[in-house]
Each structure stands twice: as structure tokens, then as C-alpha cells.
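Here is the file run26.txt (compact mmCIF, N, CA and C atoms).
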```
# COMPACT_ATOMS: atom_id res chain seq x y z
N MET A 20 -6.32 -8.54 -12.47
CA MET A 20 -4.93 -8.36 -12.21
C MET A 20 -4.38 -9.42 -11.27
N LYS A 21 -5.19 -10.30 -10.76
CA LYS A 21 -4.67 -11.32 -9.89
C LYS A 21 -4.61 -12.64 -10.63
N GLU A 22 -3.59 -13.38 -10.33
CA GLU A 22 -3.43 -14.67 -10.97
C GLU A 22 -2.59 -15.55 -10.07
N PRO A 23 -2.79 -16.87 -10.11
CA PRO A 23 -1.92 -17.73 -9.32
C PRO A 23 -0.53 -17.75 -9.92
N TYR A 24 0.47 -17.69 -9.09
CA TYR A 24 1.86 -17.67 -9.53
C TYR A 24 2.52 -18.93 -9.04
N SER A 25 3.06 -19.70 -9.93
CA SER A 25 3.68 -20.96 -9.56
C SER A 25 5.16 -20.76 -9.30
N ASN A 26 5.62 -21.20 -8.15
CA ASN A 26 7.01 -21.06 -7.77
C ASN A 26 7.47 -22.38 -7.15
N ASP A 27 8.39 -23.08 -7.80
CA ASP A 27 8.88 -24.38 -7.33
C ASP A 27 7.73 -25.36 -7.09
N ASN A 28 6.81 -25.44 -8.02
CA ASN A 28 5.67 -26.35 -7.95
C ASN A 28 4.77 -26.07 -6.75
N CYS A 29 4.82 -24.89 -6.22
CA CYS A 29 3.97 -24.51 -5.10
C CYS A 29 3.12 -23.33 -5.56
N GLU A 30 1.82 -23.48 -5.59
CA GLU A 30 0.95 -22.42 -6.08
C GLU A 30 0.58 -21.48 -4.95
N VAL A 31 0.78 -20.20 -5.17
CA VAL A 31 0.53 -19.19 -4.16
C VAL A 31 -0.37 -18.12 -4.78
N ASP A 32 -1.35 -17.65 -4.04
CA ASP A 32 -2.18 -16.55 -4.53
C ASP A 32 -1.40 -15.27 -4.38
N VAL A 33 -1.26 -14.57 -5.47
CA VAL A 33 -0.49 -13.33 -5.47
C VAL A 33 -1.27 -12.23 -6.18
N LEU A 34 -0.88 -11.00 -5.90
CA LEU A 34 -1.38 -9.85 -6.63
C LEU A 34 -0.26 -9.36 -7.52
N THR A 35 -0.59 -9.03 -8.76
CA THR A 35 0.43 -8.54 -9.68
C THR A 35 -0.01 -7.21 -10.26
N HIS A 36 0.97 -6.42 -10.65
CA HIS A 36 0.70 -5.13 -11.27
C HIS A 36 1.84 -4.82 -12.22
N LYS A 37 1.52 -4.39 -13.43
CA LYS A 37 2.56 -4.04 -14.40
C LYS A 37 3.13 -2.66 -14.07
N GLY A 38 4.43 -2.55 -14.29
CA GLY A 38 5.10 -1.28 -14.03
C GLY A 38 6.35 -1.15 -14.88
N THR A 39 6.99 0.00 -14.76
CA THR A 39 8.20 0.29 -15.50
C THR A 39 9.30 0.68 -14.53
N ILE A 40 10.49 0.11 -14.73
CA ILE A 40 11.62 0.44 -13.87
C ILE A 40 12.09 1.85 -14.21
N LYS A 41 12.07 2.73 -13.21
CA LYS A 41 12.46 4.13 -13.41
C LYS A 41 13.86 4.43 -12.90
N ASN A 42 14.31 3.67 -11.88
CA ASN A 42 15.62 3.93 -11.30
C ASN A 42 16.14 2.63 -10.69
N ILE A 43 17.46 2.52 -10.62
CA ILE A 43 18.09 1.35 -10.03
C ILE A 43 19.25 1.83 -9.16
N ASP A 44 19.34 1.29 -7.95
CA ASP A 44 20.54 1.53 -7.15
C ASP A 44 21.09 0.20 -6.68
N THR A 45 22.06 0.22 -5.79
CA THR A 45 22.76 -1.02 -5.42
C THR A 45 21.89 -2.03 -4.70
N HIS A 46 20.84 -1.58 -4.05
CA HIS A 46 20.02 -2.52 -3.27
C HIS A 46 18.56 -2.63 -3.71
N ALA A 47 18.11 -1.81 -4.66
CA ALA A 47 16.69 -1.85 -5.02
C ALA A 47 16.43 -1.35 -6.43
N TYR A 48 15.29 -1.84 -6.97
CA TYR A 48 14.73 -1.30 -8.20
C TYR A 48 13.59 -0.38 -7.78
N TYR A 49 13.41 0.72 -8.48
CA TYR A 49 12.30 1.62 -8.23
C TYR A 49 11.37 1.55 -9.43
N VAL A 50 10.20 0.96 -9.20
CA VAL A 50 9.26 0.66 -10.28
C VAL A 50 8.06 1.60 -10.19
N SER A 51 7.74 2.22 -11.30
CA SER A 51 6.61 3.13 -11.38
C SER A 51 5.39 2.34 -11.85
N ILE A 52 4.30 2.45 -11.09
CA ILE A 52 3.04 1.81 -11.50
C ILE A 52 1.98 2.89 -11.59
N ILE A 53 0.99 2.65 -12.42
CA ILE A 53 -0.15 3.55 -12.54
C ILE A 53 -1.31 2.93 -11.78
N SER A 54 -1.70 3.60 -10.70
CA SER A 54 -2.82 3.15 -9.89
C SER A 54 -4.05 3.89 -10.39
N GLN A 55 -5.07 3.13 -10.76
CA GLN A 55 -6.26 3.78 -11.30
C GLN A 55 -7.52 3.20 -10.68
N SER A 56 -8.51 4.05 -10.52
CA SER A 56 -9.79 3.60 -10.01
C SER A 56 -10.51 2.82 -11.12
N ALA A 57 -11.52 2.11 -10.75
CA ALA A 57 -12.26 1.29 -11.72
C ALA A 57 -12.90 2.14 -12.80
N CYS A 58 -13.26 3.36 -12.48
CA CYS A 58 -13.95 4.19 -13.47
C CYS A 58 -12.99 4.82 -14.48
N SER A 59 -11.67 4.70 -14.26
CA SER A 59 -10.75 5.32 -15.21
C SER A 59 -10.73 4.59 -16.55
N SER A 60 -11.24 3.36 -16.58
CA SER A 60 -11.31 2.64 -17.84
C SER A 60 -12.67 2.80 -18.52
N CYS A 61 -13.54 3.60 -17.93
CA CYS A 61 -14.88 3.83 -18.46
C CYS A 61 -14.82 4.66 -19.74
N HIS A 62 -15.73 4.43 -20.65
CA HIS A 62 -15.76 5.16 -21.91
C HIS A 62 -16.15 6.63 -21.72
N SER A 63 -16.73 6.99 -20.60
CA SER A 63 -17.15 8.37 -20.35
C SER A 63 -16.15 9.16 -19.51
N LYS A 64 -14.95 8.63 -19.30
CA LYS A 64 -14.02 9.29 -18.39
C LYS A 64 -13.60 10.67 -18.86
N GLY A 65 -13.70 10.96 -20.13
CA GLY A 65 -13.31 12.27 -20.64
C GLY A 65 -14.23 13.39 -20.18
N VAL A 66 -15.47 13.09 -19.89
CA VAL A 66 -16.42 14.11 -19.47
C VAL A 66 -16.77 14.01 -17.99
N CYS A 67 -16.22 13.03 -17.34
CA CYS A 67 -16.52 12.80 -15.93
C CYS A 67 -15.38 13.35 -15.08
N SER A 68 -15.70 13.93 -13.94
CA SER A 68 -14.66 14.48 -13.07
C SER A 68 -14.26 13.52 -11.96
N VAL A 69 -14.79 12.31 -11.98
CA VAL A 69 -14.51 11.35 -10.92
C VAL A 69 -13.25 10.53 -11.22
N THR A 70 -12.79 10.53 -12.44
CA THR A 70 -11.66 9.71 -12.86
C THR A 70 -10.45 9.97 -11.99
N GLU A 71 -9.77 8.89 -11.59
CA GLU A 71 -8.64 9.01 -10.69
C GLU A 71 -7.51 8.08 -11.12
N MET A 72 -6.38 8.66 -11.53
CA MET A 72 -5.20 7.89 -11.88
C MET A 72 -4.00 8.53 -11.19
N GLN A 73 -3.15 7.70 -10.58
CA GLN A 73 -1.97 8.20 -9.89
C GLN A 73 -0.77 7.34 -10.24
N GLU A 74 0.39 7.98 -10.33
CA GLU A 74 1.63 7.24 -10.51
C GLU A 74 2.23 7.01 -9.13
N LYS A 75 2.58 5.77 -8.85
CA LYS A 75 3.18 5.42 -7.56
C LYS A 75 4.52 4.76 -7.80
N MET A 76 5.45 5.00 -6.90
CA MET A 76 6.78 4.42 -6.99
C MET A 76 6.91 3.32 -5.94
N ILE A 77 7.26 2.12 -6.38
CA ILE A 77 7.41 0.97 -5.50
C ILE A 77 8.88 0.59 -5.45
N GLU A 78 9.39 0.41 -4.24
CA GLU A 78 10.78 -0.01 -4.05
C GLU A 78 10.80 -1.53 -3.94
N VAL A 79 11.54 -2.18 -4.85
CA VAL A 79 11.63 -3.64 -4.88
C VAL A 79 13.09 -4.03 -4.62
N PRO A 80 13.35 -4.81 -3.56
CA PRO A 80 14.73 -5.20 -3.27
C PRO A 80 15.33 -6.02 -4.41
N ARG A 81 16.60 -5.76 -4.71
CA ARG A 81 17.32 -6.52 -5.74
C ARG A 81 17.73 -7.87 -5.17
N LYS A 82 17.65 -8.88 -6.01
CA LYS A 82 18.08 -10.23 -5.63
C LYS A 82 19.23 -10.63 -6.52
N PRO A 83 20.14 -11.47 -6.01
CA PRO A 83 21.26 -11.93 -6.83
C PRO A 83 20.77 -12.63 -8.10
N GLY A 84 21.38 -12.33 -9.20
CA GLY A 84 21.02 -12.97 -10.46
C GLY A 84 20.00 -12.22 -11.28
N GLU A 85 19.37 -11.20 -10.70
CA GLU A 85 18.40 -10.40 -11.45
C GLU A 85 19.14 -9.34 -12.24
N SER A 86 18.74 -9.18 -13.48
CA SER A 86 19.37 -8.14 -14.29
C SER A 86 18.31 -7.42 -15.12
N PHE A 87 17.73 -6.40 -14.51
CA PHE A 87 16.76 -5.56 -15.20
C PHE A 87 17.41 -4.22 -15.47
N ASN A 88 16.91 -3.51 -16.46
CA ASN A 88 17.44 -2.21 -16.83
C ASN A 88 16.36 -1.15 -16.69
N ILE A 89 16.79 0.11 -16.60
CA ILE A 89 15.84 1.22 -16.55
C ILE A 89 15.02 1.21 -17.84
N GLY A 90 13.70 1.33 -17.67
CA GLY A 90 12.80 1.33 -18.82
C GLY A 90 12.15 -0.02 -19.09
N ASP A 91 12.65 -1.10 -18.45
CA ASP A 91 12.05 -2.42 -18.64
C ASP A 91 10.65 -2.46 -18.04
N THR A 92 9.74 -3.13 -18.73
CA THR A 92 8.40 -3.35 -18.20
C THR A 92 8.42 -4.66 -17.43
N VAL A 93 7.96 -4.60 -16.19
CA VAL A 93 8.00 -5.76 -15.30
C VAL A 93 6.66 -5.91 -14.60
N GLU A 94 6.48 -7.04 -13.94
CA GLU A 94 5.32 -7.27 -13.09
C GLU A 94 5.80 -7.26 -11.66
N ILE A 95 5.12 -6.48 -10.83
CA ILE A 95 5.39 -6.49 -9.40
C ILE A 95 4.50 -7.55 -8.78
N ILE A 96 5.08 -8.36 -7.90
CA ILE A 96 4.35 -9.47 -7.30
C ILE A 96 4.32 -9.28 -5.78
N MET A 97 3.13 -9.46 -5.19
CA MET A 97 2.96 -9.38 -3.75
C MET A 97 1.96 -10.46 -3.32
N ASN A 98 2.24 -11.12 -2.22
CA ASN A 98 1.30 -12.11 -1.71
C ASN A 98 0.00 -11.43 -1.27
N LYS A 99 -1.12 -12.10 -1.51
CA LYS A 99 -2.42 -11.56 -1.12
C LYS A 99 -2.50 -11.29 0.37
N SER A 100 -1.89 -12.14 1.16
CA SER A 100 -1.96 -11.99 2.61
C SER A 100 -1.33 -10.67 3.06
N MET A 101 -0.31 -10.20 2.34
CA MET A 101 0.31 -8.92 2.69
C MET A 101 -0.65 -7.77 2.40
N GLY A 102 -1.46 -7.89 1.36
CA GLY A 102 -2.45 -6.85 1.06
C GLY A 102 -3.48 -6.74 2.16
N ALA A 103 -3.95 -7.87 2.65
CA ALA A 103 -4.93 -7.87 3.75
C ALA A 103 -4.31 -7.28 5.01
N LYS A 104 -3.06 -7.60 5.26
CA LYS A 104 -2.36 -7.06 6.43
C LYS A 104 -2.20 -5.55 6.31
N ALA A 105 -1.91 -5.05 5.11
CA ALA A 105 -1.77 -3.62 4.89
C ALA A 105 -3.09 -2.89 5.14
N VAL A 106 -4.19 -3.46 4.69
CA VAL A 106 -5.52 -2.86 4.92
C VAL A 106 -5.83 -2.83 6.41
N LEU A 107 -5.48 -3.90 7.11
CA LEU A 107 -5.71 -3.96 8.55
C LEU A 107 -4.93 -2.85 9.27
N ILE A 108 -3.65 -2.73 8.95
CA ILE A 108 -2.80 -1.74 9.62
C ILE A 108 -3.14 -0.32 9.21
N GLY A 109 -3.46 -0.11 7.95
CA GLY A 109 -3.68 1.25 7.45
C GLY A 109 -5.08 1.79 7.62
N TYR A 110 -6.09 0.91 7.71
CA TYR A 110 -7.47 1.39 7.74
C TYR A 110 -8.28 0.88 8.92
N ILE A 111 -8.27 -0.43 9.15
CA ILE A 111 -9.17 -1.01 10.15
C ILE A 111 -8.73 -0.68 11.58
N ILE A 112 -7.45 -0.88 11.89
CA ILE A 112 -6.97 -0.57 13.24
C ILE A 112 -7.15 0.92 13.57
N PRO A 113 -6.78 1.85 12.66
CA PRO A 113 -7.01 3.26 13.00
C PRO A 113 -8.48 3.60 13.20
N PHE A 114 -9.36 3.00 12.42
CA PHE A 114 -10.79 3.26 12.58
C PHE A 114 -11.28 2.80 13.95
N VAL A 115 -10.91 1.58 14.33
CA VAL A 115 -11.31 1.04 15.63
C VAL A 115 -10.71 1.88 16.76
N LEU A 116 -9.45 2.25 16.61
CA LEU A 116 -8.78 3.09 17.61
C LEU A 116 -9.49 4.43 17.75
N LEU A 117 -9.84 5.05 16.64
CA LEU A 117 -10.56 6.32 16.65
C LEU A 117 -11.90 6.20 17.35
N LEU A 118 -12.64 5.16 17.01
CA LEU A 118 -13.96 4.95 17.58
C LEU A 118 -13.90 4.70 19.09
N ILE A 119 -13.00 3.82 19.52
CA ILE A 119 -12.87 3.51 20.95
C ILE A 119 -12.43 4.74 21.74
N THR A 120 -11.46 5.48 21.20
CA THR A 120 -10.98 6.68 21.87
C THR A 120 -12.08 7.73 21.96
N LEU A 121 -12.84 7.89 20.91
CA LEU A 121 -13.92 8.87 20.90
C LEU A 121 -14.97 8.54 21.96
N ILE A 122 -15.36 7.29 22.03
CA ILE A 122 -16.38 6.87 23.01
C ILE A 122 -15.85 7.02 24.44
N ALA A 123 -14.61 6.55 24.67
CA ALA A 123 -14.03 6.62 26.02
C ALA A 123 -13.84 8.08 26.45
N ALA A 124 -13.35 8.92 25.57
CA ALA A 124 -13.12 10.33 25.92
C ALA A 124 -14.45 11.04 26.18
N PHE A 125 -15.49 10.69 25.44
CA PHE A 125 -16.79 11.32 25.67
C PHE A 125 -17.35 10.92 27.02
N LYS A 126 -17.13 9.67 27.41
CA LYS A 126 -17.61 9.22 28.73
C LYS A 126 -16.87 9.94 29.85
N VAL A 127 -15.57 10.18 29.64
CA VAL A 127 -14.76 10.82 30.69
C VAL A 127 -15.01 12.33 30.74
N PHE A 128 -14.97 13.01 29.60
CA PHE A 128 -15.03 14.47 29.58
C PHE A 128 -16.42 15.03 29.31
N ASP A 129 -17.32 14.24 28.81
CA ASP A 129 -18.68 14.66 28.50
C ASP A 129 -18.70 15.91 27.60
N SER A 130 -17.75 15.96 26.66
CA SER A 130 -17.68 17.08 25.72
C SER A 130 -17.32 16.53 24.34
N GLU A 131 -18.15 16.81 23.36
CA GLU A 131 -17.90 16.31 22.01
C GLU A 131 -16.63 16.90 21.41
N GLY A 132 -16.40 18.18 21.63
CA GLY A 132 -15.23 18.84 21.08
C GLY A 132 -13.93 18.27 21.62
N ILE A 133 -13.84 18.15 22.93
CA ILE A 133 -12.64 17.59 23.55
C ILE A 133 -12.46 16.14 23.14
N SER A 134 -13.54 15.39 23.12
CA SER A 134 -13.47 13.98 22.71
C SER A 134 -12.96 13.84 21.29
N GLY A 135 -13.44 14.68 20.40
CA GLY A 135 -13.00 14.66 19.01
C GLY A 135 -11.53 14.99 18.87
N LEU A 136 -11.09 16.02 19.58
CA LEU A 136 -9.67 16.40 19.54
C LEU A 136 -8.77 15.30 20.10
N ILE A 137 -9.18 14.67 21.18
CA ILE A 137 -8.38 13.59 21.77
C ILE A 137 -8.31 12.41 20.82
N SER A 138 -9.43 12.04 20.23
CA SER A 138 -9.42 10.87 19.33
C SER A 138 -8.60 11.16 18.07
N LEU A 139 -8.66 12.38 17.55
CA LEU A 139 -7.83 12.74 16.40
C LEU A 139 -6.35 12.77 16.78
N SER A 140 -6.04 13.22 18.00
CA SER A 140 -4.66 13.22 18.47
C SER A 140 -4.11 11.80 18.57
N VAL A 141 -4.93 10.89 19.06
CA VAL A 141 -4.50 9.49 19.15
C VAL A 141 -4.26 8.93 17.75
N LEU A 142 -5.09 9.31 16.81
CA LEU A 142 -4.92 8.86 15.42
C LEU A 142 -3.63 9.41 14.82
N VAL A 143 -3.32 10.67 15.08
CA VAL A 143 -2.07 11.26 14.61
C VAL A 143 -0.88 10.52 15.21
N LEU A 144 -0.95 10.22 16.50
CA LEU A 144 0.13 9.47 17.15
C LEU A 144 0.30 8.08 16.53
N TYR A 145 -0.82 7.43 16.22
CA TYR A 145 -0.77 6.11 15.59
C TYR A 145 -0.03 6.16 14.25
N TYR A 146 -0.37 7.14 13.42
CA TYR A 146 0.28 7.25 12.11
C TYR A 146 1.74 7.69 12.25
N MET A 147 2.06 8.45 13.29
CA MET A 147 3.47 8.79 13.53
C MET A 147 4.27 7.54 13.90
N VAL A 148 3.69 6.68 14.70
CA VAL A 148 4.36 5.42 15.05
C VAL A 148 4.58 4.58 13.79
N LEU A 149 3.57 4.51 12.94
CA LEU A 149 3.73 3.79 11.67
C LEU A 149 4.85 4.39 10.84
N TYR A 150 4.94 5.70 10.81
CA TYR A 150 5.99 6.37 10.04
C TYR A 150 7.37 6.01 10.58
N PHE A 151 7.53 6.00 11.89
CA PHE A 151 8.83 5.68 12.47
C PHE A 151 9.18 4.20 12.34
N LEU A 152 8.18 3.35 12.12
CA LEU A 152 8.42 1.92 11.93
C LEU A 152 8.47 1.54 10.45
N ARG A 153 8.58 2.52 9.55
CA ARG A 153 8.51 2.26 8.11
C ARG A 153 9.61 1.32 7.63
N ASP A 154 10.81 1.38 8.22
CA ASP A 154 11.88 0.47 7.81
C ASP A 154 11.55 -0.98 8.17
N ARG A 155 10.89 -1.15 9.29
CA ARG A 155 10.46 -2.49 9.69
C ARG A 155 9.38 -3.01 8.73
N PHE A 156 8.49 -2.12 8.31
CA PHE A 156 7.43 -2.52 7.38
C PHE A 156 8.00 -2.85 6.00
N LYS A 157 9.10 -2.21 5.62
CA LYS A 157 9.74 -2.54 4.35
C LYS A 157 10.19 -3.99 4.33
N LYS A 158 10.60 -4.49 5.49
CA LYS A 158 11.02 -5.90 5.58
C LYS A 158 9.82 -6.83 5.55
N THR A 159 8.71 -6.38 6.13
CA THR A 159 7.50 -7.21 6.18
C THR A 159 6.78 -7.23 4.84
N PHE A 160 6.63 -6.05 4.23
CA PHE A 160 5.90 -5.91 2.98
C PHE A 160 6.89 -5.81 1.83
N ASN A 161 7.46 -6.94 1.46
CA ASN A 161 8.42 -6.89 0.36
C ASN A 161 7.78 -7.41 -0.92
N PHE A 162 8.23 -6.84 -2.00
CA PHE A 162 7.73 -7.16 -3.33
C PHE A 162 8.82 -7.90 -4.10
N SER A 163 8.41 -8.57 -5.14
CA SER A 163 9.37 -9.15 -6.07
C SER A 163 8.91 -8.79 -7.48
N ILE A 164 9.81 -8.95 -8.44
CA ILE A 164 9.46 -8.62 -9.81
C ILE A 164 9.82 -9.75 -10.75
N ARG A 165 9.15 -9.76 -11.87
CA ARG A 165 9.48 -10.69 -12.95
C ARG A 165 9.21 -9.98 -14.27
N ALA A 166 9.87 -10.45 -15.29
CA ALA A 166 9.74 -9.83 -16.61
C ALA A 166 8.39 -10.15 -17.23
```

Would you mind writing the file's structure down as C-alpha cells?
Amino acid sequence: MKEPYSNDNCEVDVLTHKGTIKNIDTHAYYVSIISQSACSSCHSKGVCSVTEMQEKMIEVPRKPGESFNIGDTVEIIMNKSMGAKAVLIGYIIPFVLLLITLIAAFKVFDSEGISGLISLSVLVLYYMVLYFLRDRFKKTFNFSIRA
């Protein structure tokens, strides 16, 4: 699913995913993509309970001159560097935060239960901060589309 995308004679590594436009408003296209695990394309998926497919809705800002319609099949484009940044913010930082908080709380309180609750509380606070900063992340993690 990854391919180099040429833009103004400048080659950039991008991630692409096919999707269908489900809704359009004045400032964005809402594109539905099917996210599937690697095993969903396996020939045994009918008898296996591990298969995982989900429909996700991606908001893509409209740009002047673009004219797509509901039902059009498009490719969503995102720079690879944004994917790495998303993994860092969504998985690596919370894991490190959880681990450091757990160790520090255990040293202070000498109780596994209290340490676990404190580290989980810090993790909840971290994700709440991410939730409240979601509009800022929309500006950072922007997608584009092409036919």
C-alpha cells in the first residue's frame, strides 16, 4: 500500500489507502476506509476467529479546485513521517510514561496496588490531554486525497 508519490518533481515517501467518500461538507470530505489485519486476506479467514476488519472514517480538508462527489473512490495520502509521529504519541510515549510512573510510585509508596492505580491515572490524564488537543492534532496530521 505504500508507494512514492511525485509532487512538483519532488519525490516524497507517502502512505496511501483506498477509500470511498461518504459525506461532504463545506470544509472537509469524510472518507470511509476499511482497515484490516494481515490475516483478513488469508484463505482460511472464514473458519478463523482472528480475522479483524473495521470501517474507519477519515476527515480530509477540502482544497480549492477539488471536486469530488459522494461515492467516489479515492486514495488518501499521508506522509510516512506523520505515521511515525502518530505511533510515538499514541503508543510509545504512553508506555514510557506508564513504566516510569509505575517505578517511581513503587519506590515512593512501596505498594504495588497504589503504584498501579497511580500509573493508570497518569495514563488516563495523558489521553485526556490528547483528547483536548485533538483540534491541534487535526492541523498536524492532515491528509490529502487524489482520484

My list of candidates is A:Glu94, A:Asp129, A:Asp32, A:Glu78. Which is closest to A:His46 when distances are computed with only C-alpha atoms? A:Glu78

What does the structure give for the distance between atom CA of A:Lys75 and atom CA of A:Ile95, in Å to one decimal? 12.3 Å

Please return as a CSV table (one decimal) with N, CA and C atoms, keeping the file's coordinate frame: the residues of chain A that backbone DSSP assigns to strand (DSSP E or B).
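As written to disk, selection.csv reads:
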```
chain,number,residue,atom,x,y,z
A,21,LYS,N,-5.2,-10.3,-10.8
A,21,LYS,CA,-4.7,-11.3,-9.9
A,21,LYS,C,-4.6,-12.6,-10.6
A,22,GLU,N,-3.6,-13.4,-10.3
A,22,GLU,CA,-3.4,-14.7,-11.0
A,22,GLU,C,-2.6,-15.6,-10.1
A,23,PRO,N,-2.8,-16.9,-10.1
A,23,PRO,CA,-1.9,-17.7,-9.3
A,23,PRO,C,-0.5,-17.8,-9.9
A,24,TYR,N,0.5,-17.7,-9.1
A,24,TYR,CA,1.9,-17.7,-9.5
A,24,TYR,C,2.5,-18.9,-9.0
A,25,SER,N,3.1,-19.7,-9.9
A,25,SER,CA,3.7,-21.0,-9.6
A,25,SER,C,5.2,-20.8,-9.3
A,26,ASN,N,5.6,-21.2,-8.2
A,26,ASN,CA,7.0,-21.1,-7.8
A,26,ASN,C,7.5,-22.4,-7.2
A,29,CYS,N,4.8,-24.9,-6.2
A,29,CYS,CA,4.0,-24.5,-5.1
A,29,CYS,C,3.1,-23.3,-5.6
A,30,GLU,N,1.8,-23.5,-5.6
A,30,GLU,CA,1.0,-22.4,-6.1
A,30,GLU,C,0.6,-21.5,-5.0
A,31,VAL,N,0.8,-20.2,-5.2
A,31,VAL,CA,0.5,-19.2,-4.2
A,31,VAL,C,-0.4,-18.1,-4.8
A,32,ASP,N,-1.4,-17.6,-4.0
A,32,ASP,CA,-2.2,-16.6,-4.5
A,32,ASP,C,-1.4,-15.3,-4.4
A,33,VAL,N,-1.3,-14.6,-5.5
A,33,VAL,CA,-0.5,-13.3,-5.5
A,33,VAL,C,-1.3,-12.2,-6.2
A,34,LEU,N,-0.9,-11.0,-5.9
A,34,LEU,CA,-1.4,-9.8,-6.6
A,34,LEU,C,-0.3,-9.4,-7.5
A,35,THR,N,-0.6,-9.0,-8.8
A,35,THR,CA,0.4,-8.5,-9.7
A,35,THR,C,0.0,-7.2,-10.3
A,36,HIS,N,1.0,-6.4,-10.6
A,36,HIS,CA,0.7,-5.1,-11.3
A,36,HIS,C,1.8,-4.8,-12.2
A,37,LYS,N,1.5,-4.4,-13.4
A,37,LYS,CA,2.6,-4.0,-14.4
A,37,LYS,C,3.1,-2.7,-14.1
A,38,GLY,N,4.4,-2.6,-14.3
A,38,GLY,CA,5.1,-1.3,-14.0
A,38,GLY,C,6.4,-1.2,-14.9
A,39,THR,N,7.0,0.0,-14.8
A,39,THR,CA,8.2,0.3,-15.5
A,39,THR,C,9.3,0.7,-14.5
A,40,ILE,N,10.5,0.1,-14.7
A,40,ILE,CA,11.6,0.4,-13.9
A,40,ILE,C,12.1,1.8,-14.2
A,41,LYS,N,12.1,2.7,-13.2
A,41,LYS,CA,12.5,4.1,-13.4
A,41,LYS,C,13.9,4.4,-12.9
A,42,ASN,N,14.3,3.7,-11.9
A,42,ASN,CA,15.6,3.9,-11.3
A,42,ASN,C,16.1,2.6,-10.7
A,43,ILE,N,17.5,2.5,-10.6
A,43,ILE,CA,18.1,1.4,-10.0
A,43,ILE,C,19.2,1.8,-9.2
A,47,ALA,N,18.1,-1.8,-4.7
A,47,ALA,CA,16.7,-1.8,-5.0
A,47,ALA,C,16.4,-1.4,-6.4
A,48,TYR,N,15.3,-1.8,-7.0
A,48,TYR,CA,14.7,-1.3,-8.2
A,48,TYR,C,13.6,-0.4,-7.8
A,49,TYR,N,13.4,0.7,-8.5
A,49,TYR,CA,12.3,1.6,-8.2
A,49,TYR,C,11.4,1.6,-9.4
A,50,VAL,N,10.2,1.0,-9.2
A,50,VAL,CA,9.3,0.7,-10.3
A,50,VAL,C,8.1,1.6,-10.2
A,51,SER,N,7.7,2.2,-11.3
A,51,SER,CA,6.6,3.1,-11.4
A,51,SER,C,5.4,2.3,-11.8
A,52,ILE,N,4.3,2.4,-11.1
A,52,ILE,CA,3.0,1.8,-11.5
A,52,ILE,C,2.0,2.9,-11.6
A,53,ILE,N,1.0,2.6,-12.4
A,53,ILE,CA,-0.2,3.6,-12.5
A,53,ILE,C,-1.3,2.9,-11.8
A,54,SER,N,-1.7,3.6,-10.7
A,54,SER,CA,-2.8,3.2,-9.9
A,54,SER,C,-4.0,3.9,-10.4
A,55,GLN,N,-5.1,3.1,-10.8
A,55,GLN,CA,-6.3,3.8,-11.3
A,55,GLN,C,-7.5,3.2,-10.7
A,72,MET,N,-6.4,8.7,-11.5
A,72,MET,CA,-5.2,7.9,-11.9
A,72,MET,C,-4.0,8.5,-11.2
A,73,GLN,N,-3.2,7.7,-10.6
A,73,GLN,CA,-2.0,8.2,-9.9
A,73,GLN,C,-0.8,7.3,-10.2
A,74,GLU,N,0.4,8.0,-10.3
A,74,GLU,CA,1.6,7.2,-10.5
A,74,GLU,C,2.2,7.0,-9.1
A,75,LYS,N,2.6,5.8,-8.8
A,75,LYS,CA,3.2,5.4,-7.6
A,75,LYS,C,4.5,4.8,-7.8
A,76,MET,N,5.4,5.0,-6.9
A,76,MET,CA,6.8,4.4,-7.0
A,76,MET,C,6.9,3.3,-5.9
A,77,ILE,N,7.3,2.1,-6.4
A,77,ILE,CA,7.4,1.0,-5.5
A,77,ILE,C,8.9,0.6,-5.4
A,78,GLU,N,9.4,0.4,-4.2
A,78,GLU,CA,10.8,0.0,-4.0
A,78,GLU,C,10.8,-1.5,-3.9
A,79,VAL,N,11.5,-2.2,-4.8
A,79,VAL,CA,11.6,-3.6,-4.9
A,79,VAL,C,13.1,-4.0,-4.6
A,80,PRO,N,13.4,-4.8,-3.6
A,80,PRO,CA,14.7,-5.2,-3.3
A,80,PRO,C,15.3,-6.0,-4.4
A,92,THR,N,9.7,-3.1,-18.7
A,92,THR,CA,8.4,-3.4,-18.2
A,92,THR,C,8.4,-4.7,-17.4
A,93,VAL,N,8.0,-4.6,-16.2
A,93,VAL,CA,8.0,-5.8,-15.3
A,93,VAL,C,6.7,-5.9,-14.6
A,94,GLU,N,6.5,-7.0,-13.9
A,94,GLU,CA,5.3,-7.3,-13.1
A,94,GLU,C,5.8,-7.3,-11.7
A,95,ILE,N,5.1,-6.5,-10.8
A,95,ILE,CA,5.4,-6.5,-9.4
A,95,ILE,C,4.5,-7.6,-8.8
A,96,ILE,N,5.1,-8.4,-7.9
A,96,ILE,CA,4.4,-9.5,-7.3
A,96,ILE,C,4.3,-9.3,-5.8
A,97,MET,N,3.1,-9.5,-5.2
A,97,MET,CA,3.0,-9.4,-3.8
A,97,MET,C,2.0,-10.5,-3.3
A,98,ASN,N,2.2,-11.1,-2.2
A,98,ASN,CA,1.3,-12.1,-1.7
A,98,ASN,C,0.0,-11.4,-1.3
A,163,SER,N,8.4,-8.6,-5.1
A,163,SER,CA,9.4,-9.2,-6.1
A,163,SER,C,8.9,-8.8,-7.5
A,164,ILE,N,9.8,-9.0,-8.4
A,164,ILE,CA,9.5,-8.6,-9.8
A,164,ILE,C,9.8,-9.8,-10.8
A,165,ARG,N,9.2,-9.8,-11.9
A,165,ARG,CA,9.5,-10.7,-13.0
A,165,ARG,C,9.2,-10.0,-14.3
```

If you run DSSP over the backbone, which residues in chain A end up helix (DSSP H, G or I)? Put them as a PyMOL selection string. chain A and resi 57-60+99-128+131-151+153-159

Write out as a list in words the residues lying within 8 Å of stretch 106-115 of chain A, counting only N, CA and C atoms and excluding same-chain residues fewer than 4 positions away.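 Non-adjacent residues within range: Ser100, Met101, Gly102, Ile119, Thr120, Leu121, Val141, Leu142, Tyr145 and Tyr146 of chain A.
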
What is the distance, in Å and to one decimal place, between atom C of A:Ser140 and atom N of A:Leu116?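 A separation of 11.1 Å between them.
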
Of the residues A:Leu139, A:His36, A:Met72, A:Val93, which is the one nearest to A:Ala166, using all atoms listed in the file?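 Ranking A:Leu139, A:His36, A:Met72, A:Val93 by distance to A:Ala166, first place goes to A:Val93.
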